[in-house]
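Input: a single structure, listed below in structure tokens.
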Amino acid sequence: MVIESVECKDFRNYESLDLKLDPGCNIIYGQNAQGKTNILEAIYLSGTTKSHKGSREKDMIRFEQSEAHIRTIVRNEERTDRIDIHLKKNGKKGIAINTVPIKKAAELFGYLSIILYSPEDRGIVKNGPAEKRRFIDSELCQIDKIYLYNLTNYNKILNQRNKLLKDIYFNPSLRETLQVWDDQLIDFGRKLITRRRDFLAEIAPIVSEIHRKISGGTEELCLKYEPDVEDIFFADEMIKNRERDLKYGQTSCGPHRDDVFFSIKDIDIRKFGSQGQQRTCALSLKLSEISVMESSLGHKPVLLLDDVMSELDSARQNFLLDSLEDVQTIITCTGMDDLIRKRFPVSKVFNVENGVAKEVT
Ligand SMILES: Nc1ncnc2c1ncn2[C@@H]1O[C@H](COP(=O)(O)OP(=O)(O)OP(=O)(O)O)[C@@H](O)[C@H]1O
Ligand SMILES: [Mg+2]
């Protein structure tokens with residue numbers, strides 16, 4: 001899968017942007033705050049309908065404008081697709097595939113698969129379980145339509161159940177309806193737990209291998225899924241926790257509380273890892289997705305690496321650059337580092353200055 005071009009109008013600090021990308025490696029360089037990450041955000045939005053930074057839609061529209069447009073042309077073997085995203089200050093965003101508007105974001109599934117690494121991804125390792133779940137969910141939603149469906153339903157039912165728990169406090173007769181929600185929550189929840197377990201078992205050896213290589217063979221990373229409750233015990237735990245749930249108005253057990261444990265030589269990386277270790281760990285996680293996506297979707301994703309070079313020592317940079325074969329890559333950096341020129345066949349270079357991107361030769 002290859003992005004041929006990205007066009008933006010009134011997106012972030014771009015009045016207009018038209019990038020013709022190379023199928024190989026593309027470097028976008030420029031000083032701080034010029035608009036490098038904004039380009040990656042526009043691409044990510046085209047693939048997933050969301051900002052990787054979790055930004056609100058109206059915040060991505062250029063200041064003082066009321067609409068923003070992004071058009072991405074994606075080639076996948078013989079096919080070429082056009083994805084249009086239309087953000088509106090006072091309204092719901094519009095998405096169209098090949099000029100046909102779609103109603104649900106899920107319809108975009110498979111058109112543009114993205115892996116994005118950004119410096120904040122260290123949070124997947126460093127921060128609490130919510131970030132870990134967010135990583136698993138965002139990756140799984142890109143490769144598994146059924147997971148996306150189950151997750152959407154689980155979250156919807158969880159919200160409704162929590163609301164009901166609070167309502168029961170004021171209206172105890174509603175208690176009779178709780179079981180209906182519990183049954184559905186358990187049903188969808190068990191599917192999430194099983195899929196997450198399989199996914200982590202699949203990526204664990206790949207992540208570990210990548211991490212071992214990036215660290216020059218010095219570090220063995222272990223990754224372990226820690227579900228809040230095992231799928232077979234979920235129903236029993238719901239019954240056990242019911243009184244507590246009613247008391248606090250919250251669902252206290254389930255996959256919305258799952259965690260993932262990262263360790264190197266039995267040391268908890270979340271608590272004791274160095275910054276570089278945590279970053280390498282997050283990067284290995286993201287890179288493992290290339291082969292996972294290829295085997296589950298039948299095509300390679302597009303890899304976006306935001307400011308990755310400044311974070312790694314030169315040995316780690318070398319491995320990274322050497323390993324990026326056969327996948328369209330867009331790397332942002334603050335300067336055209338010698339290392340990049342020397343080690344890597346860069347196909348296209350763009351310079352970004354104050355919301356204007358120019359190809360340089
Ligand atoms: N909605 C918006 N309208 C106009 N400008 C915006 C908007 N949102 C962000 N910006 C501007 O975009 C710039 C930041 O862009 P971006 O994050 O892409 O920078 P960058 O080149 O990646 O910088 P760094 O090297 O620091 O990561 C800032 O100057 C910011 O003011
Ligand atoms: Mg940036």
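Residues in the structure tokens are numbered from 1 in each chain, the chains being A, B, ... in the order shown, and ligands are numbered from 1 in the order shown.
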Q: Mind checking which residues fall within 8 Å of range 202-218 of chain A, counting only C-alpha atoms, ignoring those fewer than 4 positions away in the same chain, and posting them as a list in words?
A: Asp198, Cys222, Leu223, Lys224, Thr280, Cys281, Ser284, Leu285, Leu287, Ser288, Glu289, Val292, Ala315, Arg316, Gln317, Phe319 and Leu320 of chain A
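Using only C-alpha atoms, the contacts of Asn26 in chain A at a cut-off of 8 Å, with sequence neighbours closer than 3 positions omitted, comprise Leu21, Asp22, Gln328, Thr329, Ile330, Ile331, Val346, Ser347, Lys348, Val349 and Phe350 of chain A.
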Q. Among range 288-351 of chain A, which ones does DSSP place in helix (DSSP H, G or I), written as a VMD selection string?
A. chain A and resid 288 to 297 309 to 311 314 to 323 338 to 343
Q.
Taking only C-alpha atoms and all ligand atoms into account, which residues have an atom no farther than 8 Å from ligand 2? I'd like them as a ChimeraX atom specification.
A. /A:32-33,35-38,306-307,332
Any chance you could export the current selection's all heavy atoms as a compact mmCIF listing (two decimals), in the first residue's frame?
# COMPACT_ATOMS: atom_id res chain seq x y z
N ASN A 32 11.48 23.47 14.42
CA ASN A 32 10.33 23.22 15.29
C ASN A 32 9.15 24.09 14.89
O ASN A 32 9.33 25.20 14.38
CB ASN A 32 10.67 23.53 16.76
CG ASN A 32 11.72 22.60 17.33
OD1 ASN A 32 12.63 23.01 18.02
ND2 ASN A 32 11.61 21.33 17.04
N ALA A 33 7.98 23.57 15.11
CA ALA A 33 6.71 24.31 14.94
C ALA A 33 6.46 24.82 13.52
O ALA A 33 5.82 25.85 13.33
CB ALA A 33 6.66 25.49 15.93
N GLY A 35 5.28 22.61 10.97
CA GLY A 35 4.16 21.86 10.38
C GLY A 35 4.49 20.46 9.92
O GLY A 35 3.77 19.88 9.11
N LYS A 36 5.57 19.86 10.46
CA LYS A 36 5.95 18.50 10.05
C LYS A 36 4.95 17.46 10.60
O LYS A 36 4.42 16.65 9.85
CB LYS A 36 7.37 18.17 10.55
CG LYS A 36 8.42 19.15 10.10
CD LYS A 36 9.80 18.76 10.59
CE LYS A 36 9.98 18.78 12.10
NZ LYS A 36 9.85 20.13 12.71
N THR A 37 4.71 17.56 11.90
CA THR A 37 3.80 16.59 12.51
C THR A 37 2.38 16.77 11.96
O THR A 37 1.63 15.79 11.83
CB THR A 37 3.81 16.76 14.05
OG1 THR A 37 5.16 16.60 14.49
CG2 THR A 37 2.95 15.72 14.73
N ASN A 38 2.04 18.01 11.61
CA ASN A 38 0.70 18.25 11.06
C ASN A 38 0.45 17.42 9.80
O ASN A 38 -0.67 16.96 9.56
CB ASN A 38 0.51 19.74 10.75
CG ASN A 38 0.48 20.59 12.01
OD1 ASN A 38 0.31 20.06 13.11
ND2 ASN A 38 0.66 21.90 11.87
N ASP A 306 7.53 9.96 13.46
CA ASP A 306 7.64 11.36 13.83
C ASP A 306 8.83 11.57 14.76
O ASP A 306 8.84 11.04 15.88
CB ASP A 306 6.33 11.81 14.50
CG ASP A 306 6.23 13.33 14.57
OD1 ASP A 306 7.04 14.01 13.91
OD2 ASP A 306 5.36 13.83 15.30
N ASP A 307 9.80 12.29 14.29
CA ASP A 307 10.92 12.71 15.14
C ASP A 307 11.62 11.54 15.83
O ASP A 307 12.07 11.67 16.96
CB ASP A 307 10.34 13.66 16.22
CG ASP A 307 11.33 14.76 16.57
OD1 ASP A 307 12.37 14.84 15.90
OD2 ASP A 307 11.05 15.51 17.51
N THR A 332 9.84 12.36 9.82
CA THR A 332 10.07 13.79 10.06
C THR A 332 11.32 13.94 10.93
O THR A 332 11.61 13.09 11.77
CB THR A 332 8.91 14.47 10.80
OG1 THR A 332 8.88 13.97 12.14
CG2 THR A 332 7.58 14.21 10.14
Using only C-alpha atoms and all ligand atoms, which residues of chain A come within 8 Å of ligand 1, and what is the closest atom pair for each, with the distance in Å to one decimal? Give it as a Markdown table, sorted by chain and residue number.
| residue | atom | partner | partner_atom_place_in_ligand_line | distance |
| --- | --- | --- | --- | --- |
| A:Asp10 | CA | ligand 1 | 3 (N) | 7.7 |
| A:Phe11 | CA | ligand 1 | 1 (N) | 6.7 |
| A:Arg12 | CA | ligand 1 | 2 (C) | 3.6 |
| A:Asn13 | CA | ligand 1 | 5 (N) | 3.5 |
| A:Tyr14 | CA | ligand 1 | 4 (C) | 7.1 |
| A:Tyr29 | CA | ligand 1 | 21 (O) | 7.8 |
| A:Gly30 | CA | ligand 1 | 21 (O) | 6.2 |
| A:Gln31 | CA | ligand 1 | 25 (O) | 5.6 |
| A:Asn32 | CA | ligand 1 | 25 (O) | 3.3 |
| A:Ala33 | CA | ligand 1 | 19 (O) | 3.4 |
| A:Gln34 | CA | ligand 1 | 21 (O) | 3.9 |
| A:Gly35 | CA | ligand 1 | 18 (O) | 3.0 |
| A:Lys36 | CA | ligand 1 | 21 (O) | 3.8 |
| A:Thr37 | CA | ligand 1 | 18 (O) | 3.6 |
| A:Asn38 | CA | ligand 1 | 18 (O) | 3.7 |
| A:Ile39 | CA | ligand 1 | 18 (O) | 6.6 |
| A:Leu40 | CA | ligand 1 | 18 (O) | 8.0 |
| A:Lys58 | CA | ligand 1 | 1 (N) | 7.6 |
| A:Asp59 | CA | ligand 1 | 1 (N) | 5.0 |
| A:Met60 | CA | ligand 1 | 1 (N) | 4.5 |
| A:Ile61 | CA | ligand 1 | 1 (N) | 4.7 |
| A:Arg62 | CA | ligand 1 | 3 (N) | 3.4 |
| A:Phe63 | CA | ligand 1 | 3 (N) | 4.0 |
| A:Glu64 | CA | ligand 1 | 3 (N) | 7.8 |
| A:Asp306 | CA | ligand 1 | 22 (O) | 7.8 |
| A:Asp307 | CA | ligand 1 | 27 (O) | 7.0 |
| A:Thr332 | CA | ligand 1 | 22 (O) | 7.6 |
| A:Cys333 | CA | ligand 1 | 25 (O) | 7.0 |
| A:Thr334 | CA | ligand 1 | 25 (O) | 5.9 |
| A:Val352 | CA | ligand 1 | 21 (O) | 7.3 |
| A:Asn354 | CA | ligand 1 | 29 (O) | 7.3 |
| A:Gly355 | CA | ligand 1 | 12 (O) | 7.5 |
Q. Counting only C-alpha atoms, which of A:Tyr44, A:Phe233, A:Phe188, A:Tyr248 gets nearest to Ile114 in chain A?
A. A:Tyr44
Q.
Can you tell me, as a PyMOL selection string, which residues in range 44-197 of chain A count as strand (DSSP E or B) by DSSP?
A. chain A and resi 61+67-76+79-88+94-97+100-102+114-117
Go ahead and save the residues from that selection, with N, CA, C and O atoms, as a short mmCIF file (atom, residue, chain, number, x, y, z; two decimals), in the first residue's frame.
data_model
loop_
_atom_site.label_atom_id
_atom_site.label_comp_id
_atom_site.auth_asym_id
_atom_site.auth_seq_id
_atom_site.Cartn_x
_atom_site.Cartn_y
_atom_site.Cartn_z
N ILE A 61 -8.82 22.52 12.21
CA ILE A 61 -9.12 23.47 11.13
C ILE A 61 -8.24 24.70 11.34
O ILE A 61 -8.06 25.15 12.48
N GLU A 67 -13.70 25.44 7.75
CA GLU A 67 -13.65 24.08 7.20
C GLU A 67 -12.23 23.70 6.85
O GLU A 67 -11.41 24.57 6.56
N ALA A 68 -11.98 22.41 6.87
CA ALA A 68 -10.68 21.91 6.40
C ALA A 68 -10.93 20.69 5.50
O ALA A 68 -11.92 19.96 5.70
N HIS A 69 -10.07 20.52 4.51
CA HIS A 69 -10.21 19.37 3.59
C HIS A 69 -8.89 18.62 3.50
O HIS A 69 -7.83 19.25 3.43
N ILE A 70 -8.99 17.30 3.47
CA ILE A 70 -7.80 16.48 3.22
C ILE A 70 -8.17 15.48 2.13
O ILE A 70 -9.22 14.83 2.21
N ARG A 71 -7.33 15.38 1.13
CA ARG A 71 -7.56 14.37 0.08
C ARG A 71 -6.32 13.51 -0.05
O ARG A 71 -5.21 14.02 -0.26
N THR A 72 -6.50 12.20 0.09
CA THR A 72 -5.36 11.29 0.01
C THR A 72 -5.61 10.28 -1.11
O THR A 72 -6.71 9.73 -1.21
N ILE A 73 -4.61 10.10 -1.94
CA ILE A 73 -4.72 9.09 -3.00
C ILE A 73 -3.85 7.90 -2.61
O ILE A 73 -2.65 8.05 -2.34
N VAL A 74 -4.49 6.74 -2.53
CA VAL A 74 -3.80 5.55 -2.06
C VAL A 74 -3.80 4.48 -3.15
O VAL A 74 -4.84 4.19 -3.74
N ARG A 75 -2.63 3.92 -3.40
CA ARG A 75 -2.55 2.82 -4.38
C ARG A 75 -2.28 1.52 -3.65
O ARG A 75 -1.42 1.43 -2.79
N ASN A 76 -3.09 0.53 -3.99
CA ASN A 76 -2.91 -0.78 -3.39
C ASN A 76 -2.94 -1.79 -4.53
O ASN A 76 -4.00 -2.09 -5.07
N ARG A 79 -5.29 -1.20 -7.61
CA ARG A 79 -6.35 -0.24 -7.29
C ARG A 79 -5.82 1.11 -6.86
O ARG A 79 -4.80 1.20 -6.19
N THR A 80 -6.57 2.14 -7.20
CA THR A 80 -6.26 3.45 -6.65
C THR A 80 -7.53 4.00 -6.02
O THR A 80 -8.59 3.96 -6.64
N ASP A 81 -7.43 4.44 -4.78
CA ASP A 81 -8.60 4.98 -4.08
C ASP A 81 -8.34 6.40 -3.63
O ASP A 81 -7.20 6.76 -3.30
N ARG A 82 -9.42 7.15 -3.58
CA ARG A 82 -9.30 8.53 -3.11
C ARG A 82 -10.12 8.67 -1.82
O ARG A 82 -11.31 8.33 -1.79
N ILE A 83 -9.47 9.15 -0.78
CA ILE A 83 -10.16 9.35 0.50
C ILE A 83 -10.26 10.85 0.75
O ILE A 83 -9.24 11.56 0.74
N ASP A 84 -11.46 11.34 0.94
CA ASP A 84 -11.66 12.75 1.25
C ASP A 84 -12.20 12.91 2.66
O ASP A 84 -13.15 12.24 3.05
N ILE A 85 -11.58 13.80 3.41
CA ILE A 85 -12.06 14.11 4.76
C ILE A 85 -12.39 15.60 4.78
O ILE A 85 -11.59 16.42 4.32
N HIS A 86 -13.54 15.90 5.29
CA HIS A 86 -14.01 17.28 5.32
C HIS A 86 -14.37 17.63 6.77
O HIS A 86 -15.34 17.10 7.30
N LEU A 87 -13.56 18.47 7.39
CA LEU A 87 -13.83 18.85 8.78
C LEU A 87 -14.59 20.17 8.79
O LEU A 87 -14.30 21.07 8.02
N LYS A 88 -15.58 20.22 9.69
CA LYS A 88 -16.39 21.44 9.77
C LYS A 88 -16.42 21.94 11.21
O LYS A 88 -16.55 21.14 12.13
N GLY A 94 -17.32 15.03 7.28
CA GLY A 94 -17.73 14.19 6.15
C GLY A 94 -16.55 13.35 5.68
O GLY A 94 -15.41 13.81 5.68
N ILE A 95 -16.84 12.10 5.33
CA ILE A 95 -15.79 11.24 4.79
C ILE A 95 -16.33 10.65 3.49
O ILE A 95 -17.49 10.22 3.43
N ALA A 96 -15.51 10.65 2.45
CA ALA A 96 -15.94 10.05 1.19
C ALA A 96 -14.84 9.16 0.64
O ALA A 96 -13.65 9.47 0.75
N ILE A 97 -15.24 8.01 0.12
CA ILE A 97 -14.28 7.13 -0.54
C ILE A 97 -14.64 7.12 -2.02
O ILE A 97 -15.78 6.79 -2.38
N VAL A 100 -17.78 8.86 -2.95
CA VAL A 100 -19.05 8.41 -2.37
C VAL A 100 -18.99 8.61 -0.84
O VAL A 100 -18.13 8.02 -0.17
N PRO A 101 -19.89 9.42 -0.30
CA PRO A 101 -19.85 9.66 1.15
C PRO A 101 -20.14 8.38 1.93
O PRO A 101 -20.98 7.58 1.51
N ILE A 102 -19.46 8.21 3.06
CA ILE A 102 -19.75 7.06 3.91
C ILE A 102 -20.33 7.56 5.23
O ILE A 102 -20.08 8.69 5.65
N ILE A 114 -2.26 2.47 8.52
CA ILE A 114 -1.19 3.35 8.97
C ILE A 114 -0.55 2.82 10.24
O ILE A 114 -1.25 2.37 11.15
N ILE A 115 0.75 2.93 10.32
CA ILE A 115 1.43 2.76 11.60
C ILE A 115 2.15 4.07 11.87
O ILE A 115 2.93 4.53 11.02
N LEU A 116 1.86 4.68 12.98
CA LEU A 116 2.50 5.95 13.29
C LEU A 116 3.26 5.83 14.61
O LEU A 116 2.70 5.39 15.61
N TYR A 117 4.53 6.19 14.57
CA TYR A 117 5.29 6.26 15.82
C TYR A 117 5.56 7.73 16.12
O TYR A 117 6.04 8.47 15.25
#
**Q.** d(CA of Ala282 in chain A, CA of Arg122 in chain A) in Å
**A.** 5.6 Å
Q) What lies within 7 Å of Ile124 in chain A using only C-alpha atoms, ignoring chain neighbours under 4 positions off, as JSON, numbers by chain? A) {"A": [131, 132, 135, 282]}
**Q.** Long-range neighbours of Lys163 in chain A as a PyMOL selection string, 12 Å cut-off, only C-alpha atoms, 6 positions minimum in chain
**A.** chain A and resi 156-157+169-170+174+178+181+245-246+248-251
Q. Which residue out of A:Val6, A:Leu221, A:Met309, A:Met238 has the minimum interatomic distance to Gln278 in chain A when only C-alpha atoms are used?
A. A:Leu221
Q. How far is it from CA of Phe199 in chain A to CA of Leu45 in chain A, in Å with one decimal?
A. 24.0 Å
Q.
Just want the 12 Å neighbourhood of Ala235 in chain A, counted on only C-alpha atoms, with same-chain residues fewer than 6 positions away dropped. Output as a PyMOL selection string.
A. chain A and resi 179+181-190+229+241-242+253-254
Selected residues written out with N, CA and C atoms, as a PDB file, in the first residue's frame:
ATOM      1  N   GLN A 179     -29.563  -7.518  34.546  1.00  0.00           N
ATOM      2  CA  GLN A 179     -29.048  -8.780  34.001  1.00  0.00           C
ATOM      3  C   GLN A 179     -28.933  -8.750  32.471  1.00  0.00           C
ATOM      4  N   TRP A 181     -28.203  -6.264  30.564  1.00  0.00           N
ATOM      5  CA  TRP A 181     -26.971  -5.565  30.187  1.00  0.00           C
ATOM      6  C   TRP A 181     -25.749  -6.405  30.533  1.00  0.00           C
ATOM      7  N   ASP A 182     -25.819  -7.064  31.691  1.00  0.00           N
ATOM      8  CA  ASP A 182     -24.678  -7.890  32.112  1.00  0.00           C
ATOM      9  C   ASP A 182     -24.396  -8.991  31.086  1.00  0.00           C
ATOM     10  N   ASP A 183     -25.461  -9.644  30.636  1.00  0.00           N
ATOM     11  CA  ASP A 183     -25.272 -10.740  29.681  1.00  0.00           C
ATOM     12  C   ASP A 183     -24.566 -10.266  28.415  1.00  0.00           C
ATOM     13  N   GLN A 184     -24.984  -9.105  27.927  1.00  0.00           N
ATOM     14  CA  GLN A 184     -24.362  -8.576  26.693  1.00  0.00           C
ATOM     15  C   GLN A 184     -22.926  -8.138  26.941  1.00  0.00           C
ATOM     16  N   LEU A 185     -22.729  -7.495  28.100  1.00  0.00           N
ATOM     17  CA  LEU A 185     -21.378  -7.035  28.436  1.00  0.00           C
ATOM     18  C   LEU A 185     -20.413  -8.222  28.509  1.00  0.00           C
ATOM     19  N   ILE A 186     -20.885  -9.304  29.147  1.00  0.00           N
ATOM     20  CA  ILE A 186     -20.043 -10.501  29.290  1.00  0.00           C
ATOM     21  C   ILE A 186     -19.764 -11.106  27.917  1.00  0.00           C
ATOM     22  N   ASP A 187     -20.788 -11.145  27.096  1.00  0.00           N
ATOM     23  CA  ASP A 187     -20.632 -11.729  25.763  1.00  0.00           C
ATOM     24  C   ASP A 187     -19.579 -10.969  24.934  1.00  0.00           C
ATOM     25  N   PHE A 188     -19.743  -9.662  24.824  1.00  0.00           N
ATOM     26  CA  PHE A 188     -18.770  -8.872  24.048  1.00  0.00           C
ATOM     27  C   PHE A 188     -17.407  -8.844  24.747  1.00  0.00           C
ATOM     28  N   GLY A 189     -17.428  -8.722  26.071  1.00  0.00           N
ATOM     29  CA  GLY A 189     -16.184  -8.631  26.838  1.00  0.00           C
ATOM     30  C   GLY A 189     -15.321  -9.872  26.664  1.00  0.00           C
ATOM     31  N   ARG A 190     -15.945 -11.048  26.684  1.00  0.00           N
ATOM     32  CA  ARG A 190     -15.165 -12.293  26.534  1.00  0.00           C
ATOM     33  C   ARG A 190     -14.493 -12.342  25.166  1.00  0.00           C
ATOM     34  N   VAL A 229      -9.753  -9.773  34.142  1.00  0.00           N
ATOM     35  CA  VAL A 229     -10.430 -11.019  34.491  1.00  0.00           C
ATOM     36  C   VAL A 229     -10.301 -11.964  33.294  1.00  0.00           C
ATOM     37  N   ASN A 241     -19.232  -9.047  41.949  1.00  0.00           N
ATOM     38  CA  ASN A 241     -19.006  -7.604  42.131  1.00  0.00           C
ATOM     39  C   ASN A 241     -20.271  -6.757  42.073  1.00  0.00           C
ATOM     40  N   ARG A 242     -21.395  -7.430  41.910  1.00  0.00           N
ATOM     41  CA  ARG A 242     -22.608  -6.656  41.632  1.00  0.00           C
ATOM     42  C   ARG A 242     -22.943  -5.628  42.723  1.00  0.00           C
ATOM     43  N   CYS A 253     -15.191  -4.719  37.085  1.00  0.00           N
ATOM     44  CA  CYS A 253     -14.274  -5.664  36.432  1.00  0.00           C
ATOM     45  C   CYS A 253     -14.620  -5.808  34.957  1.00  0.00           C
ATOM     46  N   GLY A 254     -13.616  -6.194  34.176  1.00  0.00           N
ATOM     47  CA  GLY A 254     -13.840  -6.380  32.741  1.00  0.00           C
ATOM     48  C   GLY A 254     -12.648  -5.905  31.937  1.00  0.00           C
TER      49      GLY A 254
END
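The space separating CA of Lys191 in chain A from CA of Phe234 in chain A comes to 11.0 Å.
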